[in-house]
Amino acid sequence: MAKKVFYNGVDVDEIAKMPLEQFVKLLKSKEKRTMKRNSEKIKKFIQKLLKKKDAVIKTKVREMVIIPQMLGRQFKVYNGKEYVDLMVKPEMIGRRLGEFSIPIKKVVHHGPGVGATRGSRAVETAKT
């Protein structure tokens, strides 16, 4: 049996059927404010979303809130260096695209760099 997904107590199937204005009322305050202001970036993004039905959409609008019209769609979200593939699932509704395109990678340090002194080496030699 498939797991039912809810957003703020409303089934995702019902959310997909409701108009955008009604969905905005379910959002958290910060996302609601973003959608109500409807900046030019977001307006252009929604127009592009409605125009391109099946195409993969490349975007740099990381602050876009995931709306029901995006369910099942594929996006490429810019993380500052490259475009990261993203498939929108029902659990992602109400969150932002940038949350799924992490710009920071884990830093891995290796041995001492060029020009390091002998005292800066953290490697101990085993003496027998």
# chains A, B, ... in the order shown; residues from 1 in each chain; ligands from 1
>>> residues_around(residues="Glu31 of chain A", least_positions_apart="2", cutoff="8 Å", atoms="only C-alpha atoms", output="list of chain:residue names")
A:Leu27, A:Lys28, A:Ser29, A:Arg33, A:Thr34, A:Met35, A:Val65, A:Gly94, A:Arg95
>>> write_last_selection(atoms="C-alpha atoms", output="mmCIF file, in the first residue's frame")
data_model
loop_
_atom_site.group_PDB
_atom_site.id
_atom_site.type_symbol
_atom_site.label_atom_id
_atom_site.label_comp_id
_atom_site.auth_asym_id
_atom_site.auth_seq_id
_atom_site.Cartn_x
_atom_site.Cartn_y
_atom_site.Cartn_z
ATOM 1 C CA LEU A 27 2.005 27.708 3.132
ATOM 2 C CA LYS A 28 4.185 28.779 6.048
ATOM 3 C CA SER A 29 4.543 32.526 6.590
ATOM 4 C CA ARG A 33 4.968 36.144 1.717
ATOM 5 C CA THR A 34 7.258 35.161 -1.161
ATOM 6 C CA MET A 35 4.337 33.905 -3.226
ATOM 7 C CA VAL A 65 8.494 27.661 -3.663
ATOM 8 C CA GLY A 94 5.988 23.980 0.144
ATOM 9 C CA ARG A 95 9.790 23.882 0.217
#
>>> residues_around(residues="segment 54-62 of chain A", least_positions_apart="5", cutoff="10 Å", atoms="only C-alpha atoms", output="VMD selection string")
chain A and resid 41 to 42 44 to 45 48 to 49 72 to 80 83 to 87 96 to 101
>>> atom_distance(atom1="atom CA of Met18 of chain A", atom2="atom CA of Ile67 of chain A")
10.7 Å
>>> select_by_dssp(residues="chain A", states="helix (DSSP H, G or I)", output="PyMOL selection string")
chain A and resi 12-17+20-24+29-37+40-51+68-70+90-92+97-100+118-120
>>> closest_residue(among="A:Pro68, A:Pro90, A:Gly9, A:Gly115", to="Glu21 of chain A", atoms="only C-alpha atoms")
A:Pro68
>>> select_by_dssp(residues="chain A", states="strand (DSSP E)", output="ChimeraX atom specification")
/A:6-7,10-11,57-59,74-78,83-87
>>> write_last_selection(atoms="C-alpha atoms", output="short mmCIF file (atom, residue, chain, number, x, y, z; two decimals), in the first residue's frame")
data_model
loop_
_atom_site.label_atom_id
_atom_site.label_comp_id
_atom_site.auth_asym_id
_atom_site.auth_seq_id
_atom_site.Cartn_x
_atom_site.Cartn_y
_atom_site.Cartn_z
CA PHE A 6 -0.10 15.29 3.52
CA TYR A 7 0.84 18.97 3.61
CA VAL A 10 -4.45 18.26 3.46
CA ASP A 11 -3.92 15.31 1.13
CA ILE A 57 13.48 23.35 -17.04
CA LYS A 58 16.87 24.92 -16.27
CA THR A 59 16.62 27.62 -13.63
CA GLN A 74 12.09 17.57 -13.78
CA PHE A 75 14.26 20.63 -13.17
CA LYS A 76 17.93 21.57 -13.32
CA VAL A 77 18.64 23.97 -10.43
CA TYR A 78 21.83 26.04 -10.39
CA TYR A 83 23.05 22.56 -12.66
CA VAL A 84 21.80 19.80 -10.34
CA ASP A 85 19.04 17.43 -11.53
CA LEU A 86 15.86 17.52 -9.45
CA MET A 87 12.68 15.49 -9.80
#
>>> atom_distance(atom1="atom CA of Ile93 of chain A", atom2="atom CA of Lys25 of chain A")
13.3 Å
>>> closest_residue(among="A:Val5, A:Val12, A:Val88, A:Val108", to="Met70 of chain A", atoms="only C-alpha atoms")
A:Val88
